[in-house]
Each structure stands twice: as structure tokens, then as C-alpha cells.
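Pasting run-v4.cif here (mmCIF, C-alpha atoms and all ligand atoms):
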data_work
loop_
_atom_site.group_PDB
_atom_site.id
_atom_site.type_symbol
_atom_site.label_atom_id
_atom_site.label_comp_id
_atom_site.auth_asym_id
_atom_site.auth_seq_id
_atom_site.Cartn_x
_atom_site.Cartn_y
_atom_site.Cartn_z
ATOM 1 C CA ALA N 210 -2.466 24.018 0.803
ATOM 2 C CA PRO N 211 -2.279 21.171 -1.749
ATOM 3 C CA VAL N 212 -4.818 18.374 -1.358
ATOM 4 C CA VAL N 213 -3.682 15.232 0.434
ATOM 5 C CA VAL N 214 -6.003 12.232 0.361
ATOM 6 C CA ALA N 215 -4.791 9.613 2.860
ATOM 7 C CA ILE N 216 -6.171 6.120 2.300
ATOM 8 C CA ASP N 217 -5.418 3.225 4.642
ATOM 9 C CA GLY N 218 -6.757 -0.249 5.155
ATOM 10 C CA PRO N 219 -5.960 -3.949 5.112
ATOM 11 C CA SER N 220 -4.849 -5.943 2.075
ATOM 12 C CA GLY N 221 -7.457 -6.317 -0.655
ATOM 13 C CA SER N 222 -9.766 -3.601 0.677
ATOM 14 C CA GLY N 223 -9.357 -1.759 -2.636
ATOM 15 C CA LYS N 224 -6.800 0.891 -1.665
ATOM 16 C CA SER N 225 -4.623 0.841 -4.797
ATOM 17 C CA THR N 226 -7.446 0.630 -7.306
ATOM 18 C CA VAL N 227 -9.588 3.234 -5.586
ATOM 19 C CA SER N 228 -6.770 5.699 -4.782
ATOM 20 C CA ARG N 229 -5.464 5.578 -8.303
ATOM 21 C CA ALA N 230 -8.889 6.185 -9.800
ATOM 22 C CA VAL N 231 -9.609 9.042 -7.381
ATOM 23 C CA ALA N 232 -6.231 10.607 -8.208
ATOM 24 C CA ALA N 233 -6.853 10.288 -11.958
ATOM 25 C CA ARG N 234 -10.313 11.812 -11.640
ATOM 26 C CA LEU N 235 -9.185 14.745 -9.487
ATOM 27 C CA GLY N 236 -5.891 15.361 -11.296
ATOM 28 C CA LEU N 237 -3.770 14.399 -8.296
ATOM 29 C CA SER N 238 -0.555 12.437 -8.055
ATOM 30 C CA PHE N 239 -0.813 8.864 -6.757
ATOM 31 C CA LEU N 240 1.473 7.104 -4.298
ATOM 32 C CA ASP N 241 1.353 3.378 -3.514
ATOM 33 C CA THR N 242 3.456 3.209 -0.339
ATOM 34 C CA GLY N 243 3.052 -0.570 -0.108
ATOM 35 C CA ALA N 244 5.066 -0.748 -3.333
ATOM 36 C CA MET N 245 7.913 1.071 -1.561
ATOM 37 C CA TYR N 246 7.949 -1.453 1.315
ATOM 38 C CA ARG N 247 7.806 -4.195 -1.286
ATOM 39 C CA ALA N 248 10.694 -2.631 -3.244
ATOM 40 C CA MET N 249 12.781 -2.434 -0.057
ATOM 41 C CA THR N 250 11.994 -6.106 0.644
ATOM 42 C CA TRP N 251 12.831 -7.116 -2.935
ATOM 43 C CA TRP N 252 16.241 -5.430 -2.619
ATOM 44 C CA MET N 253 16.940 -7.146 0.744
ATOM 45 C CA LEU N 254 16.161 -10.562 -0.753
ATOM 46 C CA ALA N 255 18.199 -9.841 -3.894
ATOM 47 C CA ASN N 256 21.177 -8.848 -1.748
ATOM 48 C CA ASP N 257 21.002 -11.761 0.697
ATOM 49 C CA VAL N 258 20.067 -9.647 3.692
ATOM 50 C CA ASP N 259 18.392 -11.831 6.343
ATOM 51 C CA VAL N 260 14.914 -10.277 6.335
ATOM 52 C CA ASN N 261 14.098 -11.942 9.660
ATOM 53 C CA ASP N 262 16.983 -10.146 11.365
ATOM 54 C CA PRO N 263 15.741 -6.628 12.205
ATOM 55 C CA GLU N 264 19.266 -5.385 12.940
ATOM 56 C CA ALA N 265 20.576 -6.546 9.575
ATOM 57 C CA VAL N 266 17.586 -4.940 7.857
ATOM 58 C CA ALA N 267 18.103 -1.707 9.819
ATOM 59 C CA ILE N 268 21.759 -1.506 8.795
ATOM 60 C CA ALA N 269 21.071 -2.259 5.117
ATOM 61 C CA CYS N 270 17.950 -0.169 4.571
ATOM 62 C CA GLY N 271 19.784 3.059 3.743
ATOM 63 C CA LYS N 272 21.424 1.523 0.680
ATOM 64 C CA PRO N 273 18.798 0.985 -2.055
ATOM 65 C CA VAL N 274 17.715 4.007 -4.064
ATOM 66 C CA ILE N 275 13.932 3.688 -4.308
ATOM 67 C CA VAL N 276 12.098 5.988 -6.705
ATOM 68 C CA SER N 277 8.304 6.143 -7.066
ATOM 69 C CA GLY N 278 6.782 7.632 -10.207
ATOM 70 C CA THR N 279 3.528 9.194 -9.034
ATOM 71 C CA ASP N 280 1.598 9.643 -12.292
ATOM 72 C CA ALA N 281 -1.868 8.177 -11.633
ATOM 73 C CA ASP N 282 -2.060 7.079 -15.288
ATOM 74 C CA GLY N 283 1.073 4.945 -14.990
ATOM 75 C CA PRO N 284 2.733 4.692 -11.606
ATOM 76 C CA THR N 285 6.272 3.255 -11.584
ATOM 77 C CA ILE N 286 8.721 1.959 -9.025
ATOM 78 C CA THR N 287 12.461 1.475 -9.436
ATOM 79 C CA VAL N 288 15.257 0.268 -7.174
ATOM 80 C CA ASP N 289 18.737 1.440 -8.141
ATOM 81 C CA GLY N 290 17.314 2.334 -11.527
ATOM 82 C CA GLN N 291 15.743 -1.077 -12.151
ATOM 83 C CA ASP N 292 11.993 -1.428 -12.791
ATOM 84 C CA VAL N 293 10.721 -3.806 -10.077
ATOM 85 C CA SER N 294 6.972 -3.358 -10.554
ATOM 86 C CA GLY N 295 6.567 -7.037 -11.555
ATOM 87 C CA PRO N 296 8.750 -8.894 -9.029
ATOM 88 C CA ILE N 297 7.540 -6.916 -6.010
ATOM 89 C CA ARG N 298 4.078 -8.555 -6.374
ATOM 90 C CA GLY N 299 5.486 -12.086 -6.257
ATOM 91 C CA PRO N 300 5.043 -14.588 -3.396
ATOM 92 C CA GLU N 301 8.592 -14.208 -1.961
ATOM 93 C CA VAL N 302 8.313 -10.469 -1.462
ATOM 94 C CA THR N 303 4.707 -10.803 -0.250
ATOM 95 C CA ALA N 304 5.761 -13.380 2.353
ATOM 96 C CA HIS N 305 8.491 -11.166 3.841
ATOM 97 C CA VAL N 306 7.287 -7.598 3.406
ATOM 98 C CA SER N 307 5.543 -7.356 6.795
ATOM 99 C CA ALA N 308 8.736 -8.294 8.646
ATOM 100 C CA VAL N 309 10.745 -5.672 6.765
ATOM 101 C CA ALA N 310 8.011 -3.050 7.230
ATOM 102 C CA ALA N 311 8.063 -3.621 11.007
ATOM 103 C CA VAL N 312 11.653 -2.353 11.269
ATOM 104 C CA PRO N 313 11.559 1.271 12.534
ATOM 105 C CA GLN N 314 14.593 2.393 10.493
ATOM 106 C CA VAL N 315 12.930 1.180 7.292
ATOM 107 C CA ARG N 316 9.818 3.184 8.125
ATOM 108 C CA THR N 317 11.764 6.346 8.982
ATOM 109 C CA ARG N 318 13.497 6.198 5.636
ATOM 110 C CA LEU N 319 10.417 5.464 3.535
ATOM 111 C CA VAL N 320 8.214 7.971 5.357
ATOM 112 C CA GLU N 321 10.732 10.656 4.446
ATOM 113 C CA LEU N 322 10.556 9.634 0.773
ATOM 114 C CA GLN N 323 6.747 9.589 0.929
ATOM 115 C CA ARG N 324 6.561 13.122 2.319
ATOM 116 C CA GLY N 325 9.011 14.205 -0.376
ATOM 117 C CA CYS N 326 6.663 12.848 -3.058
ATOM 118 C CA ALA N 327 3.788 14.845 -1.573
ATOM 119 C CA GLU N 328 5.870 18.022 -1.483
ATOM 120 C CA VAL N 329 6.660 17.905 -5.191
ATOM 121 C CA ALA N 330 3.148 16.842 -6.264
ATOM 122 C CA GLU N 331 1.825 19.787 -8.262
ATOM 123 C CA ARG N 332 -1.869 19.549 -7.479
ATOM 124 C CA GLY N 333 -1.778 17.291 -4.470
ATOM 125 C CA ILE N 334 -1.627 13.564 -3.899
ATOM 126 C CA ALA N 335 -3.696 10.501 -3.082
ATOM 127 C CA ALA N 336 -1.465 8.262 -0.976
ATOM 128 C CA GLU N 337 -2.401 4.764 0.145
ATOM 129 C CA GLY N 338 -0.940 2.353 2.660
ATOM 130 C CA ARG N 339 -1.272 1.457 6.339
ATOM 131 C CA ASP N 340 -0.206 4.641 8.138
ATOM 132 C CA MET N 341 -1.018 7.508 5.756
ATOM 133 C CA GLY N 342 -3.609 9.098 8.049
ATOM 134 C CA SER N 343 -2.054 8.056 11.357
ATOM 135 C CA VAL N 344 1.626 8.901 10.809
ATOM 136 C CA VAL N 345 2.737 10.167 7.401
ATOM 137 C CA PHE N 346 0.100 12.821 6.665
ATOM 138 C CA PRO N 347 -1.530 13.727 10.007
ATOM 139 C CA ASP N 348 -2.914 16.939 8.446
ATOM 140 C CA ALA N 349 -4.357 15.281 5.321
ATOM 141 C CA THR N 350 -7.326 17.014 3.679
ATOM 142 C CA VAL N 351 -9.348 13.809 3.815
ATOM 143 C CA LYS N 352 -8.572 10.529 5.576
ATOM 144 C CA ILE N 353 -10.252 7.320 4.499
ATOM 145 C CA PHE N 354 -10.122 3.946 6.191
ATOM 146 C CA LEU N 355 -11.141 1.321 3.639
ATOM 147 C CA THR N 356 -12.297 -2.069 4.831
ATOM 148 C CA ALA N 357 -14.090 -5.106 3.476
ATOM 149 C CA SER N 358 -14.920 -8.465 4.985
ATOM 150 C CA GLU N 359 -12.028 -10.904 5.074
ATOM 151 C CA THR N 360 -13.897 -13.140 2.609
ATOM 152 C CA ALA N 361 -14.440 -10.295 0.145
ATOM 153 C CA ARG N 362 -10.797 -9.269 0.366
ATOM 154 C CA ALA N 363 -9.468 -12.796 -0.089
ATOM 155 C CA GLU N 364 -11.823 -13.371 -3.048
ATOM 156 C CA ARG N 365 -10.748 -10.150 -4.771
ATOM 157 C CA ARG N 366 -7.066 -10.950 -4.357
ATOM 158 C CA ALA N 367 -7.649 -14.496 -5.657
ATOM 159 C CA ALA N 368 -9.577 -13.217 -8.693
ATOM 160 C CA GLU N 369 -6.763 -10.803 -9.439
ATOM 161 C CA LEU N 370 -4.091 -13.512 -9.241
ATOM 162 C CA ARG N 371 -6.217 -15.892 -11.322
ATOM 163 C CA ALA N 372 -6.541 -13.247 -14.040
ATOM 164 C CA LYS N 373 -2.753 -12.964 -14.052
ATOM 165 C CA GLY N 374 -2.505 -16.717 -14.646
ATOM 166 C CA VAL N 375 -1.120 -17.573 -11.209
ATOM 167 C CA ASP N 376 -1.591 -21.267 -10.312
ATOM 168 C CA GLU N 377 -4.202 -22.352 -7.733
ATOM 169 C CA ALA N 378 -1.681 -23.637 -5.164
ATOM 170 C CA THR N 379 0.016 -20.235 -5.069
ATOM 171 C CA ILE N 380 -3.364 -18.491 -4.857
ATOM 172 C CA THR N 381 -4.344 -20.612 -1.834
ATOM 173 C CA ALA N 382 -0.995 -19.941 -0.187
ATOM 174 C CA MET N 383 -1.270 -16.214 -0.808
ATOM 175 C CA ALA N 384 -4.814 -16.156 0.627
ATOM 176 C CA ALA N 385 -3.581 -17.736 3.848
ATOM 177 C CA ASP N 386 -0.735 -15.265 3.856
ATOM 178 C CA LEU N 387 -3.159 -12.354 3.593
ATOM 179 C CA ALA N 388 -4.644 -13.048 7.038
ATOM 180 C CA ARG N 389 -1.196 -13.529 8.548
ATOM 181 C CA ARG N 390 0.053 -10.272 7.027
ATOM 182 C CA ASP N 391 -2.964 -8.294 8.242
ATOM 183 C CA ALA N 392 -2.432 -9.612 11.775
ATOM 184 C CA ALA N 393 1.276 -8.725 11.639
ATOM 185 C CA ASP N 394 0.574 -5.258 10.204
ATOM 186 C CA SER N 395 -2.064 -4.550 12.857
ATOM 187 C CA SER N 396 -0.053 -5.746 15.855
ATOM 188 C CA ARG N 397 3.444 -4.386 15.182
ATOM 189 C CA GLU N 398 4.859 -1.785 17.543
ATOM 190 C CA THR N 399 5.740 0.913 15.008
ATOM 191 C CA ALA N 400 2.867 2.473 13.030
ATOM 192 C CA PRO N 401 0.416 -0.436 13.221
ATOM 193 C CA LEU N 402 -2.523 -0.439 10.819
ATOM 194 C CA THR N 403 -5.201 1.525 12.620
ATOM 195 C CA GLN N 404 -8.050 3.846 11.728
ATOM 196 C CA ALA N 405 -7.069 7.442 12.529
ATOM 197 C CA PRO N 406 -9.688 9.079 14.794
ATOM 198 C CA ASP N 407 -10.549 11.597 12.061
ATOM 199 C CA ALA N 408 -10.683 9.044 9.212
ATOM 200 C CA VAL N 409 -13.949 8.213 7.440
ATOM 201 C CA LEU N 410 -14.673 4.480 7.482
ATOM 202 C CA VAL N 411 -15.760 3.064 4.119
ATOM 203 C CA ASP N 412 -16.717 -0.614 4.046
ATOM 204 C CA THR N 413 -16.415 -1.731 0.421
ATOM 205 C CA SER N 414 -17.796 -5.291 0.876
ATOM 206 C CA GLU N 415 -21.193 -4.467 -0.622
ATOM 207 C CA LEU N 416 -20.170 -1.588 -2.896
ATOM 208 C CA THR N 417 -19.021 -1.546 -6.501
ATOM 209 C CA LEU N 418 -15.688 0.017 -7.341
ATOM 210 C CA ASP N 419 -17.451 2.991 -8.950
ATOM 211 C CA GLN N 420 -19.530 3.560 -5.812
ATOM 212 C CA VAL N 421 -16.398 3.621 -3.654
ATOM 213 C CA ILE N 422 -14.598 5.985 -6.040
ATOM 214 C CA ASP N 423 -17.615 8.341 -6.211
ATOM 215 C CA ARG N 424 -17.935 8.367 -2.448
ATOM 216 C CA ILE N 425 -14.282 9.263 -1.841
ATOM 217 C CA ALA N 426 -14.087 11.812 -4.664
ATOM 218 C CA SER N 427 -17.151 13.577 -3.250
ATOM 219 C CA LEU N 428 -15.614 13.639 0.237
ATOM 220 C CA VAL N 429 -12.536 15.347 -1.231
ATOM 221 C CA GLU N 430 -14.611 17.854 -3.213
ATOM 222 C CA GLU N 431 -16.748 18.824 -0.195
HETATM 223 P P1 LIG N 501 -5.427 -3.108 -1.839
HETATM 224 O O1 LIG N 501 -4.580 -2.076 -2.499
HETATM 225 O O2 LIG N 501 -6.187 -2.586 -0.660
HETATM 226 O O3 LIG N 501 -4.687 -4.363 -1.517
HETATM 227 P P2 LIG N 501 -6.580 -3.461 -4.462
HETATM 228 O O4 LIG N 501 -6.838 -2.088 -4.924
HETATM 229 O O5 LIG N 501 -5.389 -4.150 -4.988
HETATM 230 O O6 LIG N 501 -6.553 -3.525 -2.853
HETATM 231 O O7 LIG N 501 -7.916 -4.276 -4.745
HETATM 232 C C1 LIG N 501 -7.961 -5.686 -4.799
HETATM 233 C C2 LIG N 501 -8.912 -6.124 -5.905
HETATM 234 O O8 LIG N 501 -10.257 -5.912 -5.483
HETATM 235 C C3 LIG N 501 -8.735 -5.390 -7.217
HETATM 236 O O9 LIG N 501 -8.689 -6.347 -8.242
HETATM 237 C C4 LIG N 501 -9.979 -4.517 -7.325
HETATM 238 O O10 LIG N 501 -10.418 -4.351 -8.641
HETATM 239 C C5 LIG N 501 -10.981 -5.271 -6.500
HETATM 240 N N1 LIG N 501 -11.896 -4.366 -5.817
HETATM 241 C C6 LIG N 501 -11.580 -3.318 -5.092
HETATM 242 N N2 LIG N 501 -12.682 -2.694 -4.596
HETATM 243 C C7 LIG N 501 -13.719 -3.402 -5.019
HETATM 244 C C8 LIG N 501 -15.125 -3.287 -4.837
HETATM 245 N N3 LIG N 501 -15.686 -2.322 -4.110
HETATM 246 N N4 LIG N 501 -15.889 -4.200 -5.426
HETATM 247 C C9 LIG N 501 -15.330 -5.178 -6.141
HETATM 248 N N5 LIG N 501 -14.010 -5.345 -6.336
HETATM 249 C C10 LIG N 501 -13.206 -4.460 -5.797
HETATM 250 O O1 LIG N 502 -1.281 -4.933 -1.959
HETATM 251 P P1 LIG N 502 -1.476 -5.265 -0.522
HETATM 252 O O2 LIG N 502 -2.599 -4.491 0.097
HETATM 253 O O3 LIG N 502 -1.544 -6.703 -0.252
HETATM 254 O O4 LIG N 502 -0.186 -4.780 0.233
HETATM 255 P P2 LIG N 502 0.622 -3.445 -0.002
HETATM 256 O O5 LIG N 502 -0.258 -2.259 0.152
HETATM 257 O O6 LIG N 502 1.409 -3.574 -1.239
HETATM 258 O O7 LIG N 502 1.592 -3.459 1.257
HETATM 259 C C1 LIG N 502 2.520 -4.503 1.442
HETATM 260 C C2 LIG N 502 2.990 -4.481 2.877
HETATM 261 O O8 LIG N 502 3.740 -3.293 3.123
HETATM 262 C C3 LIG N 502 1.923 -4.495 3.954
HETATM 263 O O9 LIG N 502 1.494 -5.811 4.257
HETATM 264 C C4 LIG N 502 2.627 -3.821 5.130
HETATM 265 O O10 LIG N 502 3.421 -4.747 5.838
HETATM 266 C C5 LIG N 502 3.566 -2.836 4.452
HETATM 267 N N1 LIG N 502 3.097 -1.453 4.439
HETATM 268 C C6 LIG N 502 3.281 -0.696 5.573
HETATM 269 O O11 LIG N 502 3.759 -1.208 6.577
HETATM 270 N N2 LIG N 502 2.963 0.618 5.577
HETATM 271 C C7 LIG N 502 2.436 1.193 4.494
HETATM 272 N N3 LIG N 502 2.146 2.497 4.522
HETATM 273 C C8 LIG N 502 2.203 0.436 3.331
HETATM 274 C C9 LIG N 502 2.531 -0.898 3.341
#

For this file, produce the structure as C-alpha cells.
Ligand code: ADP
Ligand code: CDP
Amino acid sequence: APVVVAIDGPSGSGKSTVSRAVAARLGLSFLDTGAMYRAMTWWMLANDVDVNDPEAVAIACGKPVIVSGTDADGPTITVDGQDVSGPIRGPEVTAHVSAVAAVPQVRTRLVELQRGCAEVAERGIAAEGRDMGSVVFPDATVKIFLTASETARAERRAAELRAKGVDEATITAMAADLARRDAADSSRETAPLTQAPDAVLVDTSELTLDQVIDRIASLVEE
């Protein structure tokens, strides 16, 4: 069976960076499922859907055509043919994505797309998100639960935003939002963020990126 590496964890634990590097090293496809929830949220906001109304979100969520390009060397995400990789990282989408992701119909739809990506991945896939090991890929080859202290995660996110030239007020607001989003993602009814019983816990607080990547790649190669 093709390799599936399922990587879950809270915001800023290193999921995207680590999964992408592991995929590139092992010749696997890469799927950032958070980007899909963000793309769905971006479309809702662009089309004036009330993102705080779960029924409105449920009715609308079948409409956007969301396509993930799973090349680890250059992942892409489009909505109705439009490249949204920039805007989906902005503060508006970030503020509302947890509410949209809590709607069961949204999850049903995106989970189906995610499994489709894995099916067409030639050599297998490294997929990261909140429910890869618990819901989407219960039979994954390797399941990883990445964590880091809340301080480490907030500092990494802030450094990333600073490097992008984001202003300090927005950085502070997004740091506060990180804790709120983690709490929402962990307490929602459908597919809450949780460590699957068979997932390996990797705390990245005191590790370098290379150490984390080596560790996960060696778990896959075992
Ligand atoms: P997530 O996808 O879990 O939100 P990211 O992959 O976006 O996390 O990582 C957030 C930031 O933290 C990135 O800029 C990344 O380079 C940095 N980072 C990730 N892991 C480590 C680590 N072990 N040590 C230092 N920085 C890290
Ligand atoms: O980049 P960051 O870790 O901050 O977030 P992300 O991985 O882009 O995910 C954005 C949001 O999408 C999360 O806060 C969750 O609400 C949701 N999400 C989810 O519910 N399930 C997933 N598999 C992935 C993301």
C-alpha cells in the first residue's frame, strides 16, 4: 500500500514546514489540509456568507471548487481556478477559519477531497492538519502528533509574520488569536484536535527543524 504519513498538531507546532520537508525527502506528495479549510473560509467571506451561521455555511459549502496541488516542491491552492495561497494566510481568514471548520458538512466535503488527493498520489503522501490520524487516514503508515509549548509556537508564528513584513499590532492580534483558535479546534464536536492513540508524540519545543524532520523521516523508513 502507498505510504501515508499523518501529521497533526496545534498551530505553530511545525506541521507544514516539517511535513513538506519530509515529503520532499521521501519523494511523497504533500497536503496542507489547513489550506483547504482556509480556502473554504476565504470563499465564504468573498461571497458574503455569514461565517458565524453554521446553517448558511453548510448550505454554501458545496459550491466552491477547491483544488490542492500536492507537489512538495511547490504546493498550490486554488478556489474556482483562482490562486488564493496569499489571501488565505491573512488575518480575516485566520480569524474565521475555526468557525467554518467546525461545520460538519464542510468537513465531510473536504475530507472527501483529501482522501482523493491521497488516492492519486503516486508514491504516497504526507498530510498535515488536525484530524489526519484520527479521522481522515485511520490506517496511515505513520501517525505523528507534533506539539510545542504555547510560547514556542507563538514566537515562531510571530517571527514568520515579522519576516513577511506584517506590522506589530497585527502580530500581537494574531498571537492572541492562536490560543483562541487552538481552544476552538480542540473543543469542537466534530473531529476535534486530538492525539490518535497510535500516534507518536513529538515535542518540537527544544528541537531544531532538522532534528524533527530526521526523526519523522526515520519513523517512516522503519
Ligand atoms: P504549523 O503548520 O503547525 O502551523 P509551521 O510549519 O507553519 O507550523 O511552523 C511555524 C514556524 O515555526 C515556521 O516558520 C517554522 O520554520 C518554525 N519551526 C517549526 N519547527 C521548528 C523547530 N523545531 N524549531 C524552530 N522553528 C521551527
Ligand atoms: O497554519 P496554522 O497551523 O495556524 O493553521 P492551519 O493548519 O492552516 O489550519 C487552519 C484552521 O483550519 C485550523 O485552526 C482548524 O480550525 C482548521 N483545520 C481543521 O479543522 N482540520 C484540519 N485537518 C486542518 C485545519

Set up a box along x, y and z of the file covering all listed atoms of ligand LIG 501 (chain N), add 3 Å on every one of the six sides, and write the centre and edge lengths in Å to one decimal, as JSON.
{"center_x": -10.2, "center_y": -4.2, "center_z": -4.7, "size_x": 17.3, "size_y": 10.3, "size_z": 14.0}

Item to check | Contacts to ligand LIG 502 (chain N) at 8 Å cut-off (all atoms listed in the file) as a ChimeraX atom specification | outcome: /N:217-225,241-247,298,303,306-311,316,337-341,387,390-391,393-394,400-402

Checklist entry - Pick the closest to ligand LIG 501 (chain N) from N:Ser395, N:Thr379, N:Ser238, N:Thr356: which is it, counting all atoms listed in the file? => result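 Among the listed residues, the smallest separation from ligand LIG 501 (chain N) belongs to N:Thr356.
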
Next on the checklist: List as a PyMOL selection string the protein and nucleic acid residues near Thr317 of chain N, meaning an atom at most 12 Å away when all atoms listed in the file are counted, but skip any in the same chain fewer than 2 places from it.
Outcome noted: chain N and resi 246+267+270-271+310-315+319-324+344-345+399-400

Checklist entry - Ala349 of chain N: which residues within 8 Å, counting all atoms listed in the file, same-chain residues fewer than 2 positions away excluded, as a ChimeraX atom specification? => result /N:212-215,342,346-347,351-352

Item to check | Atomic separation - atom CA of Thr381 of chain N relative to atom N2 of ligand LIG 501 (chain N), Å | outcome: 20.0 Å

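Note that atom CA of Leu254 of chain N and atom P1 of ligand LIG 501 (chain N) are 22.9 Å apart.
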
Checklist entry - Do you know which residues the PyMOL selection byres (((chain N and resi 283) around 12) and not hetatm) returns on this file, as a ChimeraX atom specification? => result /N:229-230,232-233,238-241,277-282,284-286,294

Checklist entry - Hey, which of N:Leu410, N:Leu370, N:Val258, N:Ala382 ends up closest to Lys272 of chain N? Count all atoms listed in the file. => result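 Smallest distance to Lys272 of chain N is found for N:Val258.
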
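When atom C5 of ligand LIG 501 (chain N) is paired with atom CA of Ala426 of chain N, their separation reads 17.5 Å.
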
Item to check | Selected residue, from N:Arg389, N:Arg397, N:Arg332, N:Arg371, that lies nearest to ligand LIG 501 (chain N) when counting all atoms listed in the file | outcome: N:Arg371

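Checking N:Ile268, N:Glu331, N:Thr287, N:Val274 one by one against Ala210 of chain N, counting only C-alpha atoms, you find the shortest gap at N:Glu331.
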
Next on the checklist: Calculated over all atoms listed in the file, which of the candidates N:Ser343, N:Gln291, N:Thr417, N:Asn256 has the smallest distance to ligand LIG 501 (chain N)?
Outcome noted: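 For ligand LIG 501 (chain N), the nearest of the candidates is N:Thr417.
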
Item to check | Target residues per the PyMOL selection byres (((chain N and resi 419) around 12) and not hetatm), formatted as number ranges by chain | outcome: N: 223, 226-228, 230-231, 234, 413, 415-418, 420-426

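Using only C-alpha atoms, the shortest contact distance between Pro300 of chain N and any of N:Met383, N:Ala265, N:Glu364, N:Thr350 is found at N:Met383.
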